[in-house]
file upload-v8.txt (compact mmCIF, C-alpha atoms and all ligand atoms)
# COMPACT_ATOMS: atom_id res chain seq x y z
CA MET T 1 44.55 -73.75 -74.06
CA PRO T 2 45.97 -77.12 -75.29
CA MET T 3 48.92 -77.01 -77.68
CA PRO T 4 51.80 -79.20 -78.89
CA PRO T 5 55.30 -78.88 -77.32
CA TRP T 6 56.32 -75.21 -77.63
CA SER T 7 59.67 -73.41 -77.83
CA TRP T 8 60.43 -69.94 -76.37
CA ALA T 9 62.60 -69.17 -79.40
CA VAL T 10 60.51 -70.30 -82.36
CA GLY T 11 57.06 -71.22 -80.97
CA HIS T 12 55.74 -74.09 -83.12
CA ILE T 13 57.69 -73.29 -86.31
CA GLY T 14 60.27 -76.01 -85.59
CA LEU T 15 57.50 -78.54 -84.98
CA LEU T 16 55.78 -77.68 -88.27
CA TYR T 17 59.10 -77.88 -90.10
CA ALA T 18 59.75 -81.35 -88.64
CA TYR T 19 56.30 -82.56 -89.70
CA THR T 20 56.59 -81.15 -93.23
CA ARG T 21 59.95 -82.91 -93.64
CA SER T 22 58.21 -86.23 -92.95
CA LEU T 23 55.82 -85.61 -95.87
CA PRO T 24 56.62 -86.10 -99.57
CA ALA T 25 58.28 -83.13 -101.27
CA PHE T 26 55.17 -81.84 -103.04
CA ALA T 27 52.67 -82.47 -100.25
CA ASN T 28 50.37 -79.66 -99.12
CA VAL T 29 51.51 -78.12 -95.83
CA ASN T 30 47.94 -78.39 -94.49
CA LEU T 31 48.43 -82.18 -94.28
CA VAL T 32 50.45 -81.48 -91.15
CA PHE T 33 47.40 -80.38 -89.15
CA PRO T 34 45.46 -83.68 -89.15
CA GLU T 35 48.68 -85.36 -87.98
CA ILE T 36 49.03 -82.95 -85.03
CA ALA T 37 45.27 -83.06 -84.38
CA ALA T 38 45.47 -86.79 -83.60
CA SER T 39 46.99 -85.86 -80.22
CA PHE T 40 44.09 -83.51 -79.39
CA ALA T 41 41.13 -85.81 -79.96
CA ASP T 42 39.71 -84.97 -76.51
CA THR T 43 39.78 -81.15 -76.80
CA GLU T 44 39.06 -80.98 -80.57
CA MET T 45 41.04 -77.75 -80.80
CA PHE T 46 44.61 -76.59 -80.19
CA LEU T 47 46.82 -73.52 -80.53
CA ILE T 48 49.64 -73.17 -83.04
CA ASP T 49 52.14 -70.35 -82.47
CA LEU T 50 53.62 -69.26 -85.80
CA TRP T 51 55.58 -66.26 -84.52
CA PRO T 52 57.40 -64.51 -86.26
CA VAL T 53 55.86 -65.76 -89.54
CA ALA T 54 52.16 -65.33 -88.75
CA GLU T 55 49.57 -64.81 -86.02
CA THR T 56 48.84 -67.58 -83.55
CA MET T 57 46.15 -69.88 -84.94
CA LEU T 58 43.44 -71.77 -83.12
CA ILE T 59 42.87 -75.00 -85.03
CA VAL T 60 39.26 -76.09 -84.46
CA PHE T 61 37.93 -79.48 -85.48
CA ASN T 62 34.88 -79.72 -83.28
CA PRO T 63 31.95 -79.33 -85.76
CA GLU T 64 29.87 -77.11 -83.44
CA ALA T 65 32.78 -74.78 -82.64
CA ALA T 66 33.77 -74.66 -86.33
CA MET T 67 30.19 -73.72 -87.25
CA GLN T 68 30.28 -70.87 -84.69
CA VAL T 69 33.60 -69.54 -85.99
CA ALA T 70 32.83 -69.76 -89.72
CA GLN T 71 29.08 -69.23 -89.94
CA LYS T 72 27.29 -68.02 -86.82
CA MET T 73 29.91 -65.41 -85.82
CA ASN T 74 31.73 -65.22 -89.17
CA LEU T 75 34.97 -64.26 -87.38
CA PRO T 76 37.62 -62.35 -89.37
CA LYS T 77 40.19 -64.48 -91.20
CA ALA T 78 43.85 -64.35 -90.18
CA THR T 79 45.84 -61.72 -92.12
CA PHE T 80 48.13 -64.66 -92.86
CA ASN T 81 45.51 -65.74 -95.45
CA HIS T 82 46.33 -62.59 -97.38
CA VAL T 83 50.09 -63.05 -97.00
CA ILE T 84 50.06 -66.59 -98.37
CA THR T 85 47.65 -65.99 -101.24
CA ALA T 86 48.48 -62.45 -102.45
CA PRO T 87 51.43 -63.38 -104.72
CA ILE T 88 49.18 -65.97 -106.39
CA THR T 89 45.93 -64.01 -106.61
CA GLY T 90 47.58 -60.60 -107.13
CA GLY T 91 45.75 -59.04 -104.14
CA PRO T 92 42.73 -59.51 -101.86
CA SER T 93 40.44 -62.37 -102.87
CA MET T 94 37.51 -64.24 -101.35
CA LEU T 95 39.97 -66.40 -99.42
CA SER T 96 41.33 -63.37 -97.54
CA MET T 97 38.36 -60.92 -97.57
CA ASN T 98 36.07 -60.46 -94.57
CA GLY T 99 32.55 -59.32 -93.75
CA SER T 100 30.63 -57.21 -96.27
CA GLN T 101 33.50 -57.11 -98.80
CA TRP T 102 33.60 -60.93 -98.88
CA LYS T 103 29.80 -61.08 -99.12
CA THR T 104 29.68 -58.66 -102.08
CA TRP T 105 32.17 -60.70 -104.11
CA ARG T 106 30.73 -64.02 -103.07
CA SER T 107 27.24 -62.87 -104.16
CA LEU T 108 28.57 -61.69 -107.54
CA PHE T 109 30.21 -65.04 -108.27
CA ASN T 110 27.58 -67.35 -106.72
CA PRO T 111 25.26 -67.38 -109.79
CA GLY T 112 28.05 -68.78 -111.99
CA PHE T 113 28.45 -71.79 -109.68
CA SER T 114 24.72 -72.57 -109.29
CA SER T 115 23.66 -76.10 -110.19
CA ALA T 116 21.55 -74.75 -113.09
CA MET T 117 24.63 -73.06 -114.59
CA MET T 118 26.71 -76.19 -114.09
CA VAL T 119 24.12 -78.17 -116.07
CA GLU T 120 24.40 -75.58 -118.88
CA GLN T 121 28.18 -75.91 -118.79
CA THR T 122 28.05 -79.70 -119.05
CA PRO T 123 28.45 -79.97 -122.88
CA GLN T 124 31.71 -78.00 -122.84
CA ILE T 125 32.96 -79.92 -119.81
CA VAL T 126 32.22 -83.14 -121.71
CA ASP T 127 34.23 -81.79 -124.68
CA SER T 128 37.28 -81.32 -122.44
CA VAL T 129 36.78 -84.76 -120.85
CA SER T 130 36.64 -86.34 -124.34
CA VAL T 131 40.05 -84.84 -125.12
CA PHE T 132 41.26 -86.17 -121.74
CA CYS T 133 40.03 -89.70 -122.54
CA LYS T 134 41.76 -89.69 -125.92
CA LYS T 135 45.01 -88.53 -124.32
CA LEU T 136 44.64 -91.19 -121.63
CA VAL T 137 44.18 -93.99 -124.16
CA LYS T 138 47.18 -92.76 -126.13
CA MET T 139 49.37 -92.59 -123.04
CA THR T 140 48.43 -96.09 -121.87
CA GLU T 141 49.84 -97.43 -125.15
CA LYS T 142 53.20 -95.95 -124.18
CA GLY T 143 53.60 -97.48 -120.70
CA VAL T 144 54.09 -95.64 -117.39
CA PHE T 145 53.00 -92.04 -117.29
CA SER T 146 51.84 -89.46 -114.75
CA LEU T 147 48.08 -89.32 -114.43
CA ASP T 148 48.46 -86.16 -112.34
CA ASN T 149 49.86 -84.29 -115.34
CA LEU T 150 46.81 -85.21 -117.47
CA THR T 151 44.19 -84.44 -114.80
CA THR T 152 45.87 -81.10 -113.99
CA ARG T 153 45.67 -80.08 -117.65
CA LEU T 154 42.05 -81.24 -117.89
CA THR T 155 41.11 -79.28 -114.76
CA PHE T 156 42.82 -76.15 -116.02
CA ASP T 157 40.97 -76.29 -119.37
CA ILE T 158 37.61 -76.74 -117.62
CA ILE T 159 38.16 -73.95 -115.09
CA MET T 160 39.25 -71.57 -117.86
CA LYS T 161 36.20 -72.46 -119.95
CA VAL T 162 33.66 -72.33 -117.12
CA THR T 163 34.97 -69.20 -115.40
CA LEU T 164 36.15 -67.13 -118.41
CA ASN T 165 34.78 -68.90 -121.49
CA ALA T 166 38.43 -69.10 -122.63
CA ASP T 167 39.61 -72.00 -124.81
CA ALA T 168 42.95 -72.68 -123.16
CA ASP T 169 43.47 -76.16 -124.71
CA HIS T 170 46.28 -76.87 -122.29
CA GLN T 171 45.63 -80.57 -122.91
CA SER T 172 46.97 -80.22 -126.45
CA ALA T 173 49.71 -77.59 -126.01
CA ASP T 174 51.39 -75.89 -123.05
CA HIS T 175 49.60 -72.73 -121.94
CA PRO T 176 51.58 -69.80 -120.44
CA LEU T 177 49.27 -69.35 -117.43
CA PRO T 178 49.92 -72.66 -115.59
CA TYR T 179 53.64 -72.13 -116.11
CA ALA T 180 53.42 -68.62 -114.66
CA LEU T 181 51.35 -69.87 -111.69
CA ASP T 182 53.84 -72.66 -111.16
CA MET T 183 56.76 -70.23 -111.13
CA ILE T 184 55.01 -67.98 -108.59
CA THR T 185 54.22 -70.89 -106.24
CA LYS T 186 57.73 -72.36 -106.60
CA TRP T 187 59.19 -68.99 -105.56
CA HIS T 188 56.73 -68.51 -102.73
CA SER T 189 57.25 -69.58 -99.14
CA VAL T 190 56.36 -68.23 -95.75
CA TRP T 191 59.21 -69.87 -93.86
CA ASP T 192 61.95 -70.90 -96.28
CA VAL T 193 64.46 -68.10 -95.65
CA ARG T 194 66.45 -69.07 -98.75
CA LEU T 195 63.42 -68.04 -100.80
CA ILE T 196 62.25 -65.17 -98.62
CA LEU T 197 65.65 -63.44 -98.72
CA ASN T 198 66.35 -64.22 -102.38
CA PRO T 199 66.49 -60.86 -104.23
CA LEU T 200 65.16 -62.56 -107.37
CA ARG T 201 61.90 -63.51 -105.66
CA PRO T 202 60.07 -60.14 -105.98
CA LEU T 203 61.24 -59.84 -109.60
CA ILE T 204 60.00 -63.32 -110.51
CA HIS T 205 56.68 -62.69 -108.73
CA ALA T 206 56.26 -59.35 -110.49
CA TYR T 207 57.11 -60.75 -113.94
CA TYR T 208 54.89 -63.83 -113.82
CA GLY T 209 52.18 -61.97 -111.90
CA ASN T 210 52.08 -59.55 -114.81
CA VAL T 211 51.84 -62.39 -117.35
CA ILE T 212 48.76 -63.72 -115.52
CA LYS T 213 47.26 -60.29 -114.95
CA THR T 214 47.57 -59.26 -118.62
CA TYR T 215 45.93 -62.47 -119.82
CA ILE T 216 43.05 -62.45 -117.34
CA ARG T 217 42.33 -58.72 -117.62
CA LYS T 218 42.04 -59.12 -121.42
CA GLN T 219 39.57 -61.99 -120.94
CA ILE T 220 37.52 -59.88 -118.48
CA GLN T 221 37.44 -56.97 -120.96
CA ASP T 222 36.33 -59.35 -123.75
CA ARG T 223 33.49 -60.70 -121.58
CA PHE T 224 32.48 -57.11 -120.75
CA GLN T 225 32.36 -56.21 -124.47
CA GLU T 226 30.11 -59.24 -125.06
CA VAL T 227 27.76 -58.20 -122.26
CA LYS T 228 27.65 -54.65 -123.68
CA LYS T 229 26.82 -56.06 -127.13
CA GLU T 230 24.02 -58.16 -125.69
CA TYR T 231 22.61 -55.15 -123.82
CA SER T 232 22.59 -53.00 -126.98
CA ASN T 233 21.16 -55.85 -129.07
CA PRO T 234 18.88 -57.94 -126.80
CA ALA T 235 18.08 -60.25 -129.74
CA SER T 236 21.58 -61.65 -129.38
CA LEU T 237 20.54 -62.91 -125.92
CA ALA T 238 18.60 -65.59 -127.73
CA ILE T 239 21.86 -67.16 -128.92
CA SER T 240 22.03 -70.16 -126.70
CA ARG T 241 25.41 -70.60 -125.08
CA ALA T 242 26.37 -71.17 -121.48
CA LYS T 243 27.39 -67.94 -119.80
CA SER T 244 30.72 -67.97 -118.06
CA VAL T 245 31.07 -67.31 -114.32
CA MET T 246 32.76 -64.00 -115.22
CA THR T 247 29.97 -62.94 -117.62
CA LEU T 248 27.37 -63.50 -114.91
CA ALA T 249 29.47 -61.58 -112.38
CA ILE T 250 29.78 -58.64 -114.82
CA GLU T 251 26.02 -58.70 -115.40
CA GLY T 252 25.41 -58.79 -111.63
CA TYR T 253 27.81 -55.93 -111.09
CA LEU T 254 26.27 -53.76 -113.83
CA ALA T 255 22.78 -54.47 -112.50
CA SER T 256 23.86 -53.18 -109.08
CA GLN T 257 25.09 -49.86 -110.55
CA THR T 258 22.97 -46.73 -110.99
CA LYS T 259 24.15 -46.60 -114.65
CA PRO T 260 24.10 -50.23 -115.81
CA THR T 261 24.90 -49.18 -119.39
CA ALA T 262 28.47 -48.06 -118.58
CA GLN T 263 30.73 -47.88 -121.64
CA THR T 264 33.86 -48.91 -119.79
CA LEU T 265 34.35 -51.46 -117.07
CA ASP T 266 35.18 -49.93 -113.70
CA GLU T 267 38.92 -50.34 -113.03
CA ASP T 268 38.47 -51.37 -109.37
CA PHE T 269 35.91 -54.00 -110.34
CA ALA T 270 38.16 -55.41 -113.11
CA LYS T 271 41.15 -55.53 -110.74
CA MET T 272 39.30 -57.30 -107.91
CA ALA T 273 37.54 -59.64 -110.35
CA SER T 274 40.92 -60.69 -111.77
CA HIS T 275 42.07 -61.61 -108.23
CA GLN T 276 39.01 -63.84 -107.85
CA ILE T 277 39.63 -65.56 -111.20
CA ARG T 278 43.24 -66.20 -110.17
CA LEU T 279 41.86 -67.68 -106.94
CA PHE T 280 39.57 -70.01 -108.92
CA LEU T 281 42.54 -71.23 -110.94
CA PHE T 282 44.62 -71.77 -107.83
CA ALA T 283 41.93 -73.12 -105.45
CA GLY T 284 40.23 -75.29 -108.06
CA ASN T 285 43.20 -76.82 -109.82
CA ASP T 286 45.14 -79.11 -107.46
CA THR T 287 42.05 -79.94 -105.41
CA THR T 288 40.01 -81.10 -108.41
CA SER T 289 42.81 -82.74 -110.40
CA SER T 290 43.98 -84.81 -107.43
CA THR T 291 40.35 -85.78 -106.63
CA ILE T 292 40.01 -87.07 -110.21
CA TYR T 293 43.16 -89.16 -110.17
CA ILE T 294 42.42 -90.55 -106.72
CA GLU T 295 38.92 -91.53 -107.90
CA ILE T 296 39.99 -93.27 -111.13
CA PRO T 297 41.12 -96.51 -109.41
CA GLU T 298 37.64 -96.64 -107.81
CA PHE T 299 36.19 -97.29 -111.27
CA GLY T 300 38.30 -100.41 -111.43
CA ARG T 301 37.33 -101.54 -107.94
CA SER T 302 33.61 -101.03 -108.59
CA ARG T 303 33.90 -102.54 -112.11
CA LYS T 304 32.51 -99.45 -113.83
CA PRO T 305 33.78 -98.29 -117.22
CA PHE T 306 36.02 -95.27 -117.33
CA CYS T 307 36.26 -93.41 -120.64
CA GLN T 308 34.11 -96.25 -122.01
CA ASN T 309 33.58 -94.51 -125.35
CA ALA T 310 37.32 -94.31 -125.77
CA GLY T 311 37.56 -98.06 -125.07
CA LEU T 312 39.26 -97.76 -121.71
CA TRP T 313 38.45 -99.93 -118.74
CA VAL T 314 40.27 -99.39 -115.51
CA GLN T 315 40.42 -103.15 -114.93
CA ASN T 316 43.05 -103.27 -117.66
CA MET T 317 45.37 -101.01 -115.79
CA ARG T 318 47.67 -101.07 -112.87
CA PHE T 319 48.01 -98.00 -110.66
CA THR T 320 51.18 -97.08 -108.91
CA ARG T 321 51.28 -94.38 -106.29
CA LEU T 322 54.46 -92.38 -106.62
CA ARG T 323 56.18 -90.60 -103.77
CA GLY T 324 57.59 -87.22 -104.73
CA HIS T 325 61.18 -88.22 -104.15
CA ILE T 326 61.22 -91.24 -106.46
CA ALA T 327 59.07 -89.80 -109.26
CA PRO T 328 60.74 -87.75 -111.99
CA SER T 329 60.84 -84.21 -110.60
CA ASN T 330 58.41 -82.80 -113.19
CA TRP T 331 55.72 -85.35 -112.32
CA GLY T 332 54.92 -84.11 -108.84
CA LEU T 333 53.12 -86.42 -106.46
CA GLY T 334 50.55 -88.40 -108.35
CA THR T 335 49.34 -91.67 -109.65
CA ALA T 336 50.98 -93.41 -112.52
CA LEU T 337 48.90 -95.54 -114.83
CA VAL T 338 50.30 -98.59 -116.54
CA LYS T 339 48.46 -100.69 -119.08
CA VAL T 340 49.10 -104.38 -118.40
C1 LIG V 1 37.52 -81.43 -105.13
C2 LIG V 1 37.69 -80.17 -105.37
C3 LIG V 1 37.73 -79.07 -104.31
C4 LIG V 1 37.96 -79.15 -102.97
C5 LIG V 1 38.26 -80.38 -102.13
C6 LIG V 1 37.89 -77.80 -102.45
C7 LIG V 1 38.05 -77.45 -101.12
C8 LIG V 1 37.86 -76.20 -100.60
C9 LIG V 1 37.92 -75.83 -99.19
C10 LIG V 1 38.21 -76.80 -98.05
C11 LIG V 1 37.69 -74.51 -99.08
C12 LIG V 1 37.64 -73.69 -97.80
C13 LIG V 1 38.98 -73.06 -97.59
C14 LIG V 1 39.01 -72.08 -96.41
O1 LIG V 1 38.04 -71.37 -96.19
O2 LIG V 1 40.06 -72.01 -95.76
C15 LIG V 1 37.49 -74.01 -100.42
C16 LIG V 1 37.22 -72.69 -100.71
C17 LIG V 1 37.14 -72.20 -101.99
N1 LIG V 1 37.21 -72.91 -103.16
FE1 LIG V 1 37.38 -74.91 -103.33
N2 LIG V 1 37.63 -76.94 -103.49
C18 LIG V 1 37.53 -77.67 -104.64
C19 LIG V 1 37.28 -77.18 -105.90
C20 LIG V 1 37.17 -75.84 -106.23
C21 LIG V 1 36.98 -75.32 -107.57
C22 LIG V 1 36.87 -76.16 -108.85
C23 LIG V 1 36.95 -73.95 -107.47
C24 LIG V 1 36.79 -72.90 -108.52
C25 LIG V 1 36.75 -73.06 -109.81
C26 LIG V 1 37.11 -73.63 -106.06
C27 LIG V 1 37.10 -72.34 -105.55
C28 LIG V 1 37.10 -72.05 -104.21
C29 LIG V 1 36.93 -70.69 -103.69
C30 LIG V 1 36.75 -69.41 -104.51
C31 LIG V 1 36.97 -70.78 -102.31
C32 LIG V 1 36.83 -69.63 -101.29
C33 LIG V 1 35.32 -69.45 -101.06
C34 LIG V 1 35.01 -68.36 -100.05
O3 LIG V 1 35.81 -68.10 -99.14
O4 LIG V 1 33.93 -67.79 -100.16
N3 LIG V 1 37.23 -74.79 -105.34
N4 LIG V 1 37.59 -75.05 -101.31
call {"tool": "encode", "arguments": {"input": "upload-v8.txt", "output": "structure tokens"}}
result
Amino acid sequence: MPMPPWSWAVGHIGLLYAYTRSLPAFANVNLVFPEIAASFADTEMFLIDLWPVAETMLIVFNPEAAMQVAQKMNLPKATFNHVITAPITGGPSMLSMNGSQWKTWRSLFNPGFSSAMMVEQTPQIVDSVSVFCKKLVKMTEKGVFSLDNLTTRLTFDIIMKVTLNADADHQSADHPLPYALDMITKWHSVWDVRLILNPLRPLIHAYYGNVIKTYIRKQIQDRFQEVKKEYSNPASLAISRAKSVMTLAIEGYLASQTKPTAQTLDEDFAKMASHQIRLFLFAGNDTTSSTIYIEIPEFGRSRKPFCQNAGLWVQNMRFTRLRGHIAPSNWGLGTALVKV
């Protein structure tokens, strides 16, 4: 099987470490794989030996082989998926589950992400985007600022609203959840021995994990109480409001039970559901916020208005891409926007 240069002592760990060092400080470790893949264009797959950190991985980038692995054969995920996500999600989530367990949870949450539900959610998404546009206009008056910070806050507000119907308003004031998530990820590593052996690490994970758990479990209980109220008073169903992803999952879960009128929410369901919500916050946040800030310059290039109602045209701005090491440390890797 093809693979990059390998060492008897540390397999491919040293190679991965060397590649990650060539990337900016805040870059996602997965960016390493396309770099390595460039040398395997003919085989379209290669082995990576992560002993003693994780199982050996077969990286597949041939579309047909990838389809076989992920869909036709639905092969089990590496247990490494659980190791890297558990401190963030609090336990098993869709990203680490396999087979029928994955299918059950995926089916419960699918309705909340249907295109019909997304259309229903649009007014509240627009509300959050309006706040974003106002903040953006205000910041451009001040000079250089981190666009990443604004898009991350916007994304967090939208995910909280759509998945939990929670008004986080992180765009206006700091919310404790992103800080807690940030602390957990900062103190999480699969190969940095300084972090792995640090006795404070489990304490920090436990403390901030509990902050997140308490907040999300309360939201889940509140959504359950609303569903119960609607069941006992079907007239209230007529009140038109978009149902959150969590509300629909609770309804789906209750419908699958022999006693759908349960007075209390099953503990196992609430626990697993909270892992999935934590996954949404984690999986949806950086991906979406960076997609937004990478796309904003495109509005300028294609001469389309951006935040037109707020009087902002991208043509009036200059974008600067910041590398992690020269940006102020709290900015991360992002795009700065300067009004010129
Ligand atoms: C531009 C934005 C996004 C990109 C590029 C993106 C990318 C991806 C990719 C590549 C995967 C597959 C990961 C794997 O199986 O190893 C994935 C899975 C997933 N994403 Fe996203 N994502 C985005 C936005 C979101 C958002 C907004 C949410 C939730 C609110 C989300 C939730 C999830 C979940 C739950 C999974 C696991 C699904 C499963 O295994 O059944 N993602 N995403």
call {"tool": "atom_distance", "arguments": {"input": "upload-v8.txt", "atom1": "atom CA of T:Glu251", "atom2": "atom CA of T:Asn74"}}
result
27.6 Å
call {"tool": "closest_residue", "arguments": {"input": "upload-v8.txt", "among": "T:Met94, T:Val83, T:Arg201, T:His170", "to": "T:Phe109", "atoms": "all atoms listed in the file"}}
result
T:Met94
call {"tool": "residues_around", "arguments": {"input": "upload-v8.txt", "residues": "T:Lys228", "least_positions_apart": "5", "cutoff": "12 Å", "atoms": "all atoms listed in the file", "output": "tab-separated table (two decimals) with C-alpha atoms, keeping the file's coordinate frame"}}
result
chain	number	residue	atom	x	y	z
T	221	GLN	CA	37.44	-56.97	-120.96
T	222	ASP	CA	36.33	-59.35	-123.75
T	223	ARG	CA	33.49	-60.70	-121.58
T	233	ASN	CA	21.16	-55.85	-129.07
T	234	PRO	CA	18.88	-57.94	-126.80
T	236	SER	CA	21.58	-61.65	-129.38
T	237	LEU	CA	20.54	-62.91	-125.92
T	247	THR	CA	29.97	-62.94	-117.62
T	250	ILE	CA	29.78	-58.64	-114.82
T	251	GLU	CA	26.02	-58.70	-115.40
T	254	LEU	CA	26.27	-53.76	-113.83
T	260	PRO	CA	24.10	-50.23	-115.81
T	261	THR	CA	24.90	-49.18	-119.39
T	262	ALA	CA	28.47	-48.06	-118.58
T	263	GLN	CA	30.73	-47.88	-121.64
T	264	THR	CA	33.86	-48.91	-119.79
T	265	LEU	CA	34.35	-51.46	-117.07
call {"tool": "closest_atom_pairs", "arguments": {"input": "upload-v8.txt", "of": "chain T", "to": "ligand LIG 1 (chain V)", "cutoff": "9 Å", "atoms": "only C-alpha atoms and all ligand atoms", "output": "tab-separated table"}}
result
residue	atom	partner	partner_atom	distance
T:Ala70	CA	V:LIG1	O1	8.5
T:Lys77	CA	V:LIG1	O1	8.8
T:Asn81	CA	V:LIG1	O2	8.3
T:Ser93	CA	V:LIG1	C30	8.1
T:Met94	CA	V:LIG1	O3	4.8
T:Leu95	CA	V:LIG1	O3	4.5
T:Ser96	CA	V:LIG1	O3	7.4
T:Met97	CA	V:LIG1	O3	7.8
T:Asn98	CA	V:LIG1	O3	8.9
T:Trp102	CA	V:LIG1	O4	7.0
T:Lys103	CA	V:LIG1	O4	7.9
T:Trp105	CA	V:LIG1	O4	8.3
T:Arg106	CA	V:LIG1	O4	5.7
T:Phe109	CA	V:LIG1	C30	8.7
T:Phe113	CA	V:LIG1	C25	8.4
T:Thr155	CA	V:LIG1	C22	7.9
T:Ile158	CA	V:LIG1	C25	8.7
T:Ile159	CA	V:LIG1	C25	5.5
T:Met160	CA	V:LIG1	C25	8.6
T:Val162	CA	V:LIG1	C25	8.0
T:Thr163	CA	V:LIG1	C25	7.0
T:Gln276	CA	V:LIG1	C30	6.9
T:Ile277	CA	V:LIG1	C25	8.2
T:Leu279	CA	V:LIG1	C30	5.9
T:Phe280	CA	V:LIG1	C24	4.0
T:Leu281	CA	V:LIG1	C25	6.2
T:Phe282	CA	V:LIG1	C27	7.9
T:Ala283	CA	V:LIG1	C26	4.9
T:Gly284	CA	V:LIG1	C21	3.3
T:Asn285	CA	V:LIG1	C22	6.4
T:Asp286	CA	V:LIG1	C2	7.8
T:Thr287	CA	V:LIG1	C2	4.4
T:Thr288	CA	V:LIG1	C2	3.9
T:Ser289	CA	V:LIG1	C1	7.6
T:Ser290	CA	V:LIG1	C1	7.6
T:Thr291	CA	V:LIG1	C1	5.4
T:Ile292	CA	V:LIG1	C1	8.0
call {"tool": "closest_residue", "arguments": {"input": "upload-v8.txt", "among": "T:Ile59, T:Ala78, T:Tyr293, T:Leu150", "to": "T:Pro34", "atoms": "only C-alpha atoms"}}
result
T:Ile59
call {"tool": "residues_around", "arguments": {"input": "upload-v8.txt", "residues": "T:Leu15", "least_positions_apart": "6", "cutoff": "12 Å", "atoms": "all atoms listed in the file", "output": "list in words"}}
result
Met3, Pro4, Pro5, Trp6, Ser7, Arg21, Ser22, Val32, Phe33, Glu35, Ile36, Ile48, Asp49 and Leu50 of chain T
call {"tool": "atom_distance", "arguments": {"input": "upload-v8.txt", "atom1": "atom CA of T:Pro52", "atom2": "atom CA of T:His82"}}
result
15.8 Å
call {"tool": "residues_around", "arguments": {"input": "upload-v8.txt", "residues": "T:Pro176", "least_positions_apart": "4", "cutoff": "12 Å", "atoms": "only C-alpha atoms", "output": "count of residues only"}}
result
17
call {"tool": "residues_around", "arguments": {"input": "upload-v8.txt", "residues": "T:His188", "least_positions_apart": "4", "cutoff": "10 Å", "atoms": "only C-alpha atoms", "output": "list of chain:residue names"}}
result
T:Ile84, T:Thr85, T:Pro87, T:Ile88, T:Asp182, T:Met183, T:Ile184, T:Asp192, T:Leu195, T:Ile196, T:Arg201, T:Pro202, T:Ile204, T:His205
call {"tool": "atom_distance", "arguments": {"input": "upload-v8.txt", "atom1": "atom CA of T:Leu136", "atom2": "atom CA of T:Leu154"}}
result
10.9 Å
call {"tool": "closest_residue", "arguments": {"input": "upload-v8.txt", "among": "T:Leu23, T:Lys243, T:His275, T:Tyr17", "to": "T:Met118", "atoms": "all atoms listed in the file"}}
result
T:Lys243
call {"tool": "closest_residue", "arguments": {"input": "upload-v8.txt", "among": "T:Lys135, T:Lys271, T:His12, T:Lys72", "to": "T:Arg217", "atoms": "only C-alpha atoms"}}
result
T:Lys271
call {"tool": "closest_residue", "arguments": {"input": "upload-v8.txt", "among": "T:Asn62, T:Asn165, T:Thr185, T:Ser256", "to": "T:Asn28", "atoms": "all atoms listed in the file"}}
result
T:Thr185
